[in-house]
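Trainee: One file: upload21.cif (mmCIF, C-alpha atoms and all ligand atoms).
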data_data
loop_
_atom_site.label_atom_id
_atom_site.label_comp_id
_atom_site.auth_asym_id
_atom_site.auth_seq_id
_atom_site.Cartn_x
_atom_site.Cartn_y
_atom_site.Cartn_z
CA MET A 237 3.84 -47.03 44.73
CA ALA A 238 6.83 -48.80 43.27
CA THR A 239 4.83 -51.82 42.21
CA THR A 240 2.24 -49.96 40.18
CA VAL A 241 2.24 -50.89 36.53
CA ALA A 242 2.23 -47.80 34.38
CA THR A 243 -0.14 -47.69 31.41
CA THR A 244 2.23 -45.30 29.73
CA PRO A 245 5.93 -45.02 30.54
CA ASP A 246 6.88 -41.74 32.20
CA SER A 247 9.82 -41.46 29.87
CA THR A 248 8.72 -40.56 26.39
CA PRO A 249 11.99 -39.89 24.62
CA PRO A 250 13.79 -37.72 24.08
CA GLN A 251 14.18 -36.35 27.55
CA SER A 252 16.70 -33.61 28.22
CA PRO A 253 20.37 -34.56 28.47
CA ALA A 254 20.46 -33.34 32.07
CA GLN A 255 17.44 -35.42 33.03
CA PHE A 256 18.84 -38.48 31.30
CA LEU A 257 22.15 -38.16 33.11
CA GLU A 258 20.35 -37.75 36.40
CA ASP A 259 18.29 -40.89 35.75
CA LEU A 260 21.43 -42.79 34.78
CA GLU A 261 23.08 -41.73 38.02
CA ASP A 262 20.01 -42.90 39.94
CA ALA A 263 20.23 -46.26 38.28
CA ARG A 264 23.91 -46.45 39.15
CA ARG A 265 23.27 -45.62 42.81
CA GLY A 266 20.83 -48.51 42.78
CA THR A 267 23.33 -50.89 41.21
CA LEU A 268 26.10 -49.97 43.61
CA ALA A 269 23.81 -50.12 46.63
CA LEU A 270 23.06 -53.74 45.72
CA VAL A 271 26.68 -54.72 46.09
CA ALA A 272 27.86 -52.19 48.68
CA SER A 273 27.98 -54.54 51.63
CA LEU A 274 29.16 -57.65 49.80
CA SER A 275 32.59 -59.19 50.21
CA GLU A 276 34.87 -59.56 47.23
CA GLU A 277 34.40 -63.29 47.53
CA ASP A 278 30.61 -63.03 47.36
CA LEU A 279 30.90 -60.80 44.30
CA GLU A 280 33.22 -63.18 42.49
CA ARG A 281 31.59 -66.46 43.49
CA VAL A 282 29.36 -68.38 41.12
CA HIS A 283 26.28 -68.73 43.33
CA SER A 284 24.32 -70.73 40.78
CA PRO A 285 25.26 -72.44 37.54
CA ILE A 286 22.56 -70.42 35.73
CA MET A 287 23.68 -67.03 37.06
CA SER A 288 26.80 -64.97 36.40
CA PRO A 289 28.92 -63.87 39.32
CA LEU A 290 27.76 -60.42 40.42
CA VAL A 291 31.05 -58.85 39.39
CA TRP A 292 30.35 -59.96 35.82
CA ASP A 293 27.07 -58.03 35.82
CA LEU A 294 29.02 -54.94 36.87
CA GLY A 295 31.53 -55.26 34.04
CA HIS A 296 28.77 -56.09 31.58
CA ILE A 297 26.73 -53.02 32.53
CA ALA A 298 29.80 -50.87 31.85
CA ALA A 299 30.61 -52.62 28.58
CA TYR A 300 27.04 -52.23 27.33
CA GLU A 301 26.98 -48.54 28.17
CA ASP A 302 30.30 -47.99 26.46
CA LEU A 303 29.25 -49.93 23.36
CA TRP A 304 25.92 -48.17 22.90
CA LEU A 305 26.62 -44.65 24.10
CA ALA A 306 30.29 -43.90 23.44
CA HIS A 307 30.74 -46.24 20.49
CA ARG A 308 27.45 -46.38 18.60
CA HIS A 309 25.79 -43.14 19.68
CA GLY A 310 29.01 -41.11 19.88
CA GLY A 311 31.13 -42.81 17.24
CA MET A 312 34.07 -43.20 19.62
CA ALA A 313 36.34 -46.20 19.92
CA LEU A 314 35.54 -48.60 22.76
CA LEU A 315 37.29 -47.72 25.98
CA ARG A 316 38.44 -51.31 26.55
CA PRO A 317 38.02 -53.25 23.28
CA GLU A 318 39.82 -56.23 24.77
CA LEU A 319 36.91 -56.70 27.20
CA ALA A 320 34.21 -56.73 24.52
CA ASP A 321 34.25 -60.45 24.05
CA CYS A 322 34.13 -61.43 27.68
CA TYR A 323 31.21 -59.07 28.32
CA ASP A 324 29.43 -60.23 25.22
CA ALA A 325 29.56 -56.95 23.35
CA PHE A 326 28.42 -58.75 20.26
CA GLU A 327 28.37 -55.80 17.89
CA THR A 328 32.10 -55.47 18.12
CA PRO A 329 34.53 -56.96 15.62
CA ARG A 330 35.90 -60.07 17.22
CA ALA A 331 39.44 -58.89 16.47
CA VAL A 332 40.55 -59.14 20.06
CA ARG A 333 39.15 -62.52 21.05
CA GLY A 334 38.77 -63.21 24.68
CA ASP A 335 41.78 -64.76 26.18
CA ILE A 336 41.10 -61.89 28.59
CA GLU A 337 39.56 -62.77 31.95
CA ALA A 338 36.60 -60.87 33.39
CA LEU A 339 37.59 -57.98 35.62
CA GLY A 340 37.99 -58.31 39.35
CA VAL A 341 35.89 -56.23 41.72
CA ALA A 342 38.09 -53.15 41.98
CA ASP A 343 38.73 -53.08 38.23
CA ALA A 344 35.05 -53.54 37.42
CA ARG A 345 34.14 -50.60 39.65
CA GLU A 346 36.79 -48.49 38.00
CA TYR A 347 35.59 -49.52 34.53
CA LEU A 348 32.00 -48.56 35.44
CA GLN A 349 33.25 -45.22 36.60
CA GLN A 350 35.46 -44.52 33.58
CA VAL A 351 32.73 -45.42 31.14
CA ARG A 352 30.30 -43.20 33.02
CA ALA A 353 32.71 -40.27 32.85
CA ARG A 354 32.84 -40.62 29.05
CA THR A 355 29.05 -40.91 28.93
CA ILE A 356 28.61 -37.69 30.88
CA ALA A 357 31.02 -35.81 28.62
CA LEU A 358 29.43 -37.21 25.48
CA ILE A 359 25.79 -36.63 26.41
CA SER A 360 26.58 -33.14 27.67
CA SER A 361 28.16 -32.16 24.38
CA ARG A 362 26.20 -34.22 21.89
CA GLY A 363 22.78 -34.62 23.50
CA VAL A 364 20.55 -37.68 23.55
CA GLY A 365 19.67 -37.89 19.86
CA ASP A 366 16.22 -39.40 19.43
CA GLY A 367 16.58 -40.80 22.95
CA VAL A 368 16.03 -44.43 22.04
CA ILE A 369 19.55 -45.70 22.61
CA CYS A 370 19.82 -43.67 25.81
CA GLU A 371 16.61 -45.14 27.19
CA MET A 372 17.74 -48.61 26.21
CA VAL A 373 21.05 -48.24 28.05
CA LEU A 374 19.32 -46.91 31.14
CA ARG A 375 16.79 -49.73 31.18
CA HIS A 376 19.55 -52.24 30.57
CA GLU A 377 21.16 -51.31 33.88
CA LEU A 378 17.76 -51.36 35.61
CA GLN A 379 17.01 -54.80 34.21
CA HIS A 380 20.37 -56.10 35.38
CA ALA A 381 19.54 -54.88 38.87
CA GLU A 382 16.68 -57.38 38.83
CA THR A 383 18.97 -60.11 37.50
CA MET A 384 21.43 -59.34 40.27
CA ARG A 385 18.63 -59.56 42.83
CA GLN A 386 17.86 -63.05 41.51
CA THR A 387 21.47 -64.00 42.17
CA LEU A 388 21.38 -62.36 45.59
CA ALA A 389 18.17 -64.22 46.45
CA ILE A 390 19.76 -67.55 45.52
CA ALA A 391 22.81 -66.71 47.63
CA GLY A 392 20.74 -65.58 50.61
CA LEU A 393 22.34 -62.15 50.29
CA LEU A 394 19.36 -59.89 49.60
CA GLY A 395 19.36 -56.79 51.76
CA PRO A 396 16.66 -56.36 54.43
CA ALA A 397 14.59 -53.90 52.37
CA ASP A 398 14.50 -56.34 49.46
CA VAL A 399 13.70 -59.26 51.74
CA ALA A 400 10.69 -57.25 52.95
CA LYS A 401 9.60 -56.44 49.39
CA ALA A 402 9.99 -60.07 48.36
CA ALA A 403 7.88 -61.19 51.31
CA GLY A 404 5.46 -58.78 49.78
CA PRO A 405 2.33 -57.04 50.64
CA PRO A 406 0.20 -60.01 51.58
CA GLY A 407 -1.94 -59.61 48.48
CA PRO A 408 -5.65 -58.94 48.25
CA ALA A 409 -7.77 -60.77 50.79
CA ARG A 410 -9.76 -62.40 48.06
CA PRO A 411 -9.73 -65.95 46.80
CA ASP A 412 -7.42 -66.63 43.89
CA ASP A 413 -10.08 -68.50 41.99
CA GLU A 414 -12.37 -65.49 41.65
CA PHE A 415 -12.64 -64.80 37.94
CA ALA A 416 -13.42 -61.76 35.84
CA GLN A 417 -15.26 -62.33 32.60
CA ILE A 418 -13.80 -60.81 29.41
CA PRO A 419 -15.94 -60.82 26.28
CA ALA A 420 -14.76 -62.01 22.88
CA GLY A 421 -13.51 -59.41 20.45
CA PRO A 422 -10.59 -57.50 19.05
CA PHE A 423 -8.25 -55.19 20.94
CA ALA A 424 -4.93 -53.44 20.27
CA LEU A 425 -2.00 -55.58 21.46
CA GLY A 426 1.42 -54.06 21.95
CA ALA A 427 3.12 -50.77 22.75
CA GLU A 428 1.19 -47.64 21.95
CA GLY A 429 2.30 -44.28 20.67
CA GLU A 430 5.77 -42.88 20.53
CA ALA A 431 6.88 -43.75 24.05
CA PHE A 432 9.94 -45.97 24.32
CA ALA A 433 9.22 -49.64 23.90
CA TYR A 434 11.37 -52.62 23.04
CA ASP A 435 11.24 -53.97 19.53
CA ASN A 436 9.35 -57.08 20.66
CA GLU A 437 6.40 -54.95 21.86
CA ARG A 438 5.86 -53.63 18.34
CA PRO A 439 4.14 -53.31 16.01
CA ARG A 440 0.93 -52.72 17.89
CA HIS A 441 -1.72 -54.76 16.10
CA THR A 442 -5.25 -55.98 16.41
CA ALA A 443 -5.53 -59.28 18.22
CA GLU A 444 -8.68 -61.32 18.73
CA THR A 445 -9.56 -63.39 21.73
CA ALA A 446 -12.53 -65.61 22.37
CA ALA A 447 -14.45 -64.91 25.57
CA PHE A 448 -12.43 -66.01 28.59
CA GLN A 449 -12.20 -65.75 32.33
CA ILE A 450 -9.11 -64.57 34.18
CA ALA A 451 -8.42 -64.64 37.91
CA ARG A 452 -8.56 -61.31 39.71
CA ARG A 453 -5.39 -62.06 41.63
CA PRO A 454 -2.34 -64.30 41.27
CA VAL A 455 -2.29 -67.70 42.96
CA SER A 456 -1.22 -67.32 46.59
CA SER A 457 1.54 -69.15 48.43
CA ALA A 458 -1.09 -70.80 50.64
CA SER A 459 -2.89 -72.15 47.59
CA TRP A 460 0.38 -73.38 46.19
CA LEU A 461 1.28 -75.25 49.35
CA ARG A 462 -2.20 -76.79 49.40
CA PHE A 463 -1.62 -77.98 45.84
CA ALA A 464 1.66 -79.56 46.97
CA ALA A 465 0.01 -81.17 50.02
CA ASP A 466 -2.77 -82.52 47.81
CA GLY A 467 -0.32 -84.43 45.67
CA GLY A 468 0.49 -81.71 43.16
CA TYR A 469 3.99 -83.05 42.68
CA GLU A 470 2.84 -86.69 42.48
CA ARG A 471 -0.16 -86.58 40.18
CA ARG A 472 1.37 -87.18 36.81
CA GLU A 473 -1.90 -86.49 34.99
CA TRP A 474 -1.60 -82.81 35.90
CA TRP A 475 1.80 -82.40 34.28
CA SER A 476 2.96 -82.04 30.71
CA PRO A 477 5.32 -84.88 29.69
CA GLU A 478 8.25 -82.42 29.55
CA GLY A 479 7.35 -80.93 32.90
CA TRP A 480 7.06 -84.36 34.52
CA ALA A 481 10.42 -85.46 33.11
CA TRP A 482 12.03 -82.27 34.44
CA LYS A 483 10.39 -82.72 37.85
CA VAL A 484 11.54 -86.32 38.18
CA GLU A 485 15.04 -85.75 36.91
CA ASN A 486 15.61 -82.80 39.24
CA ASP A 487 13.63 -84.13 42.19
CA ILE A 488 11.50 -80.99 42.25
CA GLY A 489 9.17 -80.07 45.09
CA PRO A 490 7.76 -76.70 46.12
CA HIS A 491 10.42 -73.99 46.17
CA PRO A 492 11.63 -73.35 49.75
CA ALA A 493 10.75 -69.64 49.44
CA LEU A 494 7.07 -70.59 49.28
CA THR A 495 7.05 -71.91 52.83
CA ALA A 496 8.71 -68.75 54.12
CA SER A 497 6.37 -66.33 52.39
CA HIS A 498 3.13 -64.78 53.65
CA PRO A 499 0.28 -67.21 52.89
CA GLN A 500 -1.70 -64.53 51.03
CA ALA A 501 1.29 -63.31 49.01
CA PRO A 502 1.47 -64.29 45.34
CA ALA A 503 3.34 -67.58 45.01
CA CYS A 504 6.86 -66.90 43.72
CA HIS A 505 9.78 -68.93 42.32
CA VAL A 506 7.39 -71.11 40.37
CA SER A 507 8.58 -72.51 37.04
CA TRP A 508 6.38 -72.60 33.94
CA TYR A 509 6.20 -76.39 34.19
CA GLU A 510 4.84 -76.14 37.73
CA ALA A 511 2.49 -73.27 36.87
CA ASP A 512 1.09 -75.29 33.99
CA ALA A 513 0.53 -78.32 36.25
CA TYR A 514 -1.10 -76.19 38.94
CA ALA A 515 -3.53 -74.67 36.46
CA ARG A 516 -4.55 -78.07 35.16
CA ALA A 517 -5.03 -79.39 38.68
CA LEU A 518 -7.51 -76.53 39.21
CA ASP A 519 -9.30 -77.31 35.95
CA ALA A 520 -7.96 -74.06 34.54
CA ARG A 521 -5.07 -72.98 32.32
CA LEU A 522 -2.51 -70.22 32.02
CA PRO A 523 -3.68 -67.11 30.16
CA THR A 524 -2.24 -66.35 26.75
CA GLU A 525 -0.29 -63.12 26.68
CA ALA A 526 -2.99 -61.54 24.51
CA GLU A 527 -5.59 -62.46 27.14
CA TRP A 528 -3.39 -61.01 29.85
CA GLU A 529 -2.88 -57.70 28.09
CA LYS A 530 -6.51 -57.44 27.08
CA ALA A 531 -7.62 -58.00 30.68
CA ALA A 532 -5.01 -55.55 31.93
CA ARG A 533 -6.26 -52.89 29.53
CA SER A 534 -9.96 -53.51 30.10
CA ALA A 535 -11.92 -51.26 32.41
CA ALA A 536 -12.54 -52.84 35.77
CA ALA A 537 -16.29 -53.17 36.23
CA GLU A 538 -15.77 -53.09 39.94
CA GLN A 539 -12.51 -51.88 41.49
CA PRO A 540 -10.65 -54.60 43.32
CA THR A 541 -10.84 -54.06 47.05
CA GLY A 542 -7.93 -52.89 49.15
CA SER A 543 -5.17 -50.49 48.27
CA LEU A 544 -2.92 -53.15 46.94
CA PRO A 545 -0.31 -52.55 44.31
CA GLY A 546 -0.64 -52.83 40.64
CA GLU A 547 -4.26 -52.81 39.67
CA ALA A 548 -4.46 -53.05 35.90
CA GLY A 549 -7.88 -53.30 34.34
CA VAL A 550 -9.64 -56.20 36.01
CA LEU A 551 -6.36 -57.59 37.32
CA ALA A 552 -5.41 -57.01 40.94
CA ALA A 553 -1.96 -57.36 42.46
CA VAL A 554 -0.07 -56.99 39.20
CA GLY A 555 3.62 -56.29 39.67
CA GLN A 556 4.56 -58.32 42.74
CA VAL A 557 5.51 -61.43 40.75
CA TRP A 558 5.93 -61.91 37.02
CA GLU A 559 3.08 -63.95 35.61
CA TRP A 560 3.71 -66.89 33.32
CA THR A 561 1.59 -67.08 30.19
CA GLN A 562 1.08 -70.06 27.93
CA THR A 563 2.42 -68.06 24.99
CA ARG A 564 5.81 -68.85 23.55
CA PHE A 565 8.07 -65.92 22.74
CA HIS A 566 7.70 -64.92 19.09
CA GLY A 567 7.79 -61.61 17.23
CA TYR A 568 4.51 -59.85 16.62
CA PRO A 569 3.37 -59.84 12.97
CA GLY A 570 5.60 -57.36 11.14
CA PHE A 571 8.33 -57.45 13.82
CA VAL A 572 11.49 -55.49 13.02
CA ALA A 573 14.59 -55.91 15.21
CA HIS A 574 15.68 -52.60 16.70
CA PRO A 575 18.28 -51.57 17.46
CA TYR A 576 19.86 -55.02 17.52
CA ARG A 577 18.81 -58.62 16.87
CA GLU A 578 20.28 -59.88 20.11
CA TYR A 579 17.86 -58.06 22.37
CA SER A 580 14.87 -60.22 21.46
CA GLU A 581 15.01 -61.83 18.06
CA VAL A 582 17.61 -64.46 18.86
CA PHE A 583 15.32 -65.73 21.64
CA PHE A 584 12.24 -66.07 19.45
CA GLY A 585 10.96 -69.61 19.08
CA ASP A 586 9.24 -72.25 21.13
CA ASP A 587 11.88 -72.54 23.85
CA TYR A 588 10.90 -69.46 25.84
CA HIS A 589 7.60 -68.55 27.45
CA VAL A 590 6.38 -64.99 27.87
CA LEU A 591 5.88 -63.49 31.31
CA ARG A 592 3.88 -60.34 31.93
CA GLY A 593 3.45 -57.71 34.61
CA GLY A 594 6.69 -57.36 36.54
CA SER A 595 7.93 -58.25 40.01
CA TRP A 596 8.79 -56.47 43.23
CA ALA A 597 12.36 -56.30 41.87
CA THR A 598 11.40 -54.71 38.55
CA HIS A 599 12.08 -50.99 38.35
CA ARG A 600 9.00 -48.82 37.81
CA ARG A 601 10.46 -47.53 34.58
CA VAL A 602 10.66 -51.00 33.06
CA LYS A 603 7.17 -52.11 34.09
CA SER A 604 4.44 -51.54 31.56
CA LEU A 605 1.37 -53.29 30.27
CA SER A 606 3.11 -54.13 27.01
CA PHE A 607 6.49 -55.28 28.38
CA ARG A 608 7.28 -58.86 27.45
CA ASN A 609 9.67 -60.81 29.62
CA TRP A 610 10.72 -64.33 28.71
CA ASP A 611 12.40 -67.33 30.25
CA LEU A 612 12.78 -71.09 29.88
CA PRO A 613 9.99 -73.28 31.31
CA GLN A 614 12.20 -74.90 33.96
CA ARG A 615 13.49 -71.65 35.47
CA ARG A 616 12.70 -70.82 39.09
CA GLN A 617 15.25 -68.10 39.84
CA ILE A 618 12.98 -65.37 38.44
CA PHE A 619 10.41 -63.76 40.70
CA ALA A 620 7.52 -65.42 38.91
CA GLY A 621 4.17 -66.92 39.76
CA LEU A 622 0.89 -67.33 37.92
CA ARG A 623 -2.67 -66.21 37.51
CA LEU A 624 -5.33 -68.65 36.36
CA ALA A 625 -7.48 -68.34 33.26
CA ARG A 626 -10.19 -70.58 31.85
CA ASP A 627 -12.84 -70.79 29.19
CA PRO A 628 -16.27 -69.44 30.12
CA ARG A 629 -18.47 -71.92 31.91
C1 LIG B 701 14.31 -59.25 29.22
C2 LIG B 701 15.14 -60.02 31.31
C3 LIG B 701 14.92 -61.55 29.49
O1 LIG B 701 18.02 -60.75 31.09
O2 LIG B 701 18.10 -61.68 29.15
C4 LIG B 701 19.62 -57.92 29.89
C5 LIG B 701 17.12 -58.44 29.67
N1 LIG B 701 18.87 -58.14 27.88
N2 LIG B 701 20.64 -57.75 29.05
C6 LIG B 701 17.68 -60.83 29.91
C7 LIG B 701 18.51 -58.16 29.17
C8 LIG B 701 20.20 -57.89 27.82
C9 LIG B 701 16.66 -59.85 29.36
N3 LIG B 701 15.28 -60.16 29.84
FE FE B 702 22.65 -57.46 29.58
#
Represent the structure contained in this file as structure tokens.
Mentor:
Amino acid sequence: MATTVATTPDSTPPQSPAQFLEDLEDARRGTLALVASLSEEDLERVHSPIMSPLVWDLGHIAAYEDLWLAHRHGGMALLRPELADCYDAFETPRAVRGDIEALGVADAREYLQQVRARTIALISSRGVGDGVICEMVLRHELQHAETMRQTLAIAGLLGPADVAKAAGPPGPARPDDEFAQIPAGPFALGAEGEAFAYDNERPRHTAETAAFQIARRPVSSASWLRFAADGGYERREWWSPEGWAWKVENDIGPHPALTASHPQAPACHVSWYEADAYARALDARLPTEAEWEKAARSAAAEQPTGSLPGEAGVLAAVGQVWEWTQTRFHGYPGFVAHPYREYSEVFFGDDYHVLRGGSWATHRRVKSLSFRNWDLPQRRQIFAGLRLARDPR
């Protein structure tokens, strides 16, 4: 099932050049299918101040592929060096600074296609090397497909299949305040073995947690709406000072998508500020990312009922919505940026919170128990909800 979270990625590099090219083409079919029925205007419009126009994602996907495969892997000159700046190809000398505008729709499609033709020639003759850069480029396109779906959701332009996935399987018919107990003790946190992982998932290291409890399933939309009806957005004592200020300034109430969703489905489009307030209202808290991964890797004493997606350890319904953690996005002890600082390191600090698990819009290949997503605490465009944790009682 597409929403299952893999314990080990099915793509231990290096895969064969032919397989890699096939997977790249699959990713491209996915990207193009997302925009196939959209008008030029919808592709070029800025649907939200926090999202790029969809046509920018297209040009950026091409520029990234050209930078990493043709240029860095293959040692060739960039196909369109004058576009590097506008598509943020940061590793490139800023010789040709961007007085160049982003490409229009037809040109972006052509650029995608021309870059791909060079990729095919290069990989066929030169191979995939150790496979790391290839895997990174492939996952970059897959990750942008999720970003584009966020934009499409904001614009009301998601296709019917995606609308159905977003509405979700209803989620396990179990209360979202049913907790599993995890004992204190050490465990191995981070990506294991030689399989591809992003730099921020390494090095794997021993982490300790105290005993804790974690909810078997994410908070449902019904529970969220009950929280709202019970004064969740008025009870200042449940909110952090920053969260309250954000709520007041932006006149925040429950995201409209919550009313439209199945009551049992995991609540989605919830910001960290709201998730944090919800947890406190329920006399609980958000899990740390170490707690989340430990629970996801622990053997389930009793299998969660139902054939619902994404059972990981004692956690049910992983992979429908990203799950906010209380942890801020920092490097693990001994972190080394690879292959470039701008993937994760420039985001390290207290501004971003870590999310775990993956959403209905996350490609299977990107979902893993060690993958760390991150976003700002006020963001609601991501397909994110929460799962409660608390100290033993
Ligand atoms: C891992 C989703 C936070 O969108 O900024 C895309 C992925 N990195 N292009 C992001 C990414 C470069 C990244 N996230
Ligand atoms: Fe990108």
Trainee: Return as a PyMOL selection string the residues of protein, DNA or RNA that approach ligand LIG 701 (chain B) to within 9 Å, with all atoms listed in the file taken into account.
Mentor: chain A and resi 296-297+300+375-380+382-383+578-580+583+607-611
Trainee: Leaving out range 491-497 of chain A and any residue of its chain fewer than 6 positions from it, which residues lie within 9 Å of it when counting all atoms listed in the file, given as a list in words?
Mentor: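 In the requested form, the answer reads Ala402, Ala403, Gly404, Pro406, Ser457, Ala458, Trp460, Leu461, Ala503, Cys504, His505, Val506 and Arg616 of chain A.
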Trainee: Excluding range 340-352 of chain A and residues on its chain fewer than 3 positions from it, collect all residues at most 8 Å away from it, counting all atoms listed in the file, and give them as an MDAnalysis selection string.
Mentor: chainID A and resid 276 279:280 291 294:295 297:299 301:302 315 355:356
Trainee: Pick from A:Met384, A:Glu318, A:Ile488, A:Ala620: nearest to ligand FE 702 (chain B), with all atoms listed in the file counted?
Mentor: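 Once distances to ligand FE 702 (chain B) are computed over all atoms listed in the file, the minimum belongs to A:Met384.
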Trainee: Find the residue from A:Trp482, A:Phe256, A:Phe432, A:Phe584 that sits nearest to His566 in chain A; use only C-alpha atoms when measuring.
Mentor: A:Phe584
Trainee: For Leu622 in chain A, which residue out of A:Pro422, A:Pro408, A:Pro454, A:Pro523 is the nearest one, using all atoms listed in the file?
Mentor: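 Distance minimum relative to Leu622 in chain A lands on A:Pro454.
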Trainee: Please provide as a ChimeraX atom specification all residues within 10 Å of Gly468 in chain A, with the sequence filter that same-chain residues fewer than 6 positions apart are discarded (counting all atoms listed in the file).
Mentor: /A:460-462,474-475,489-490,510,513-514,517
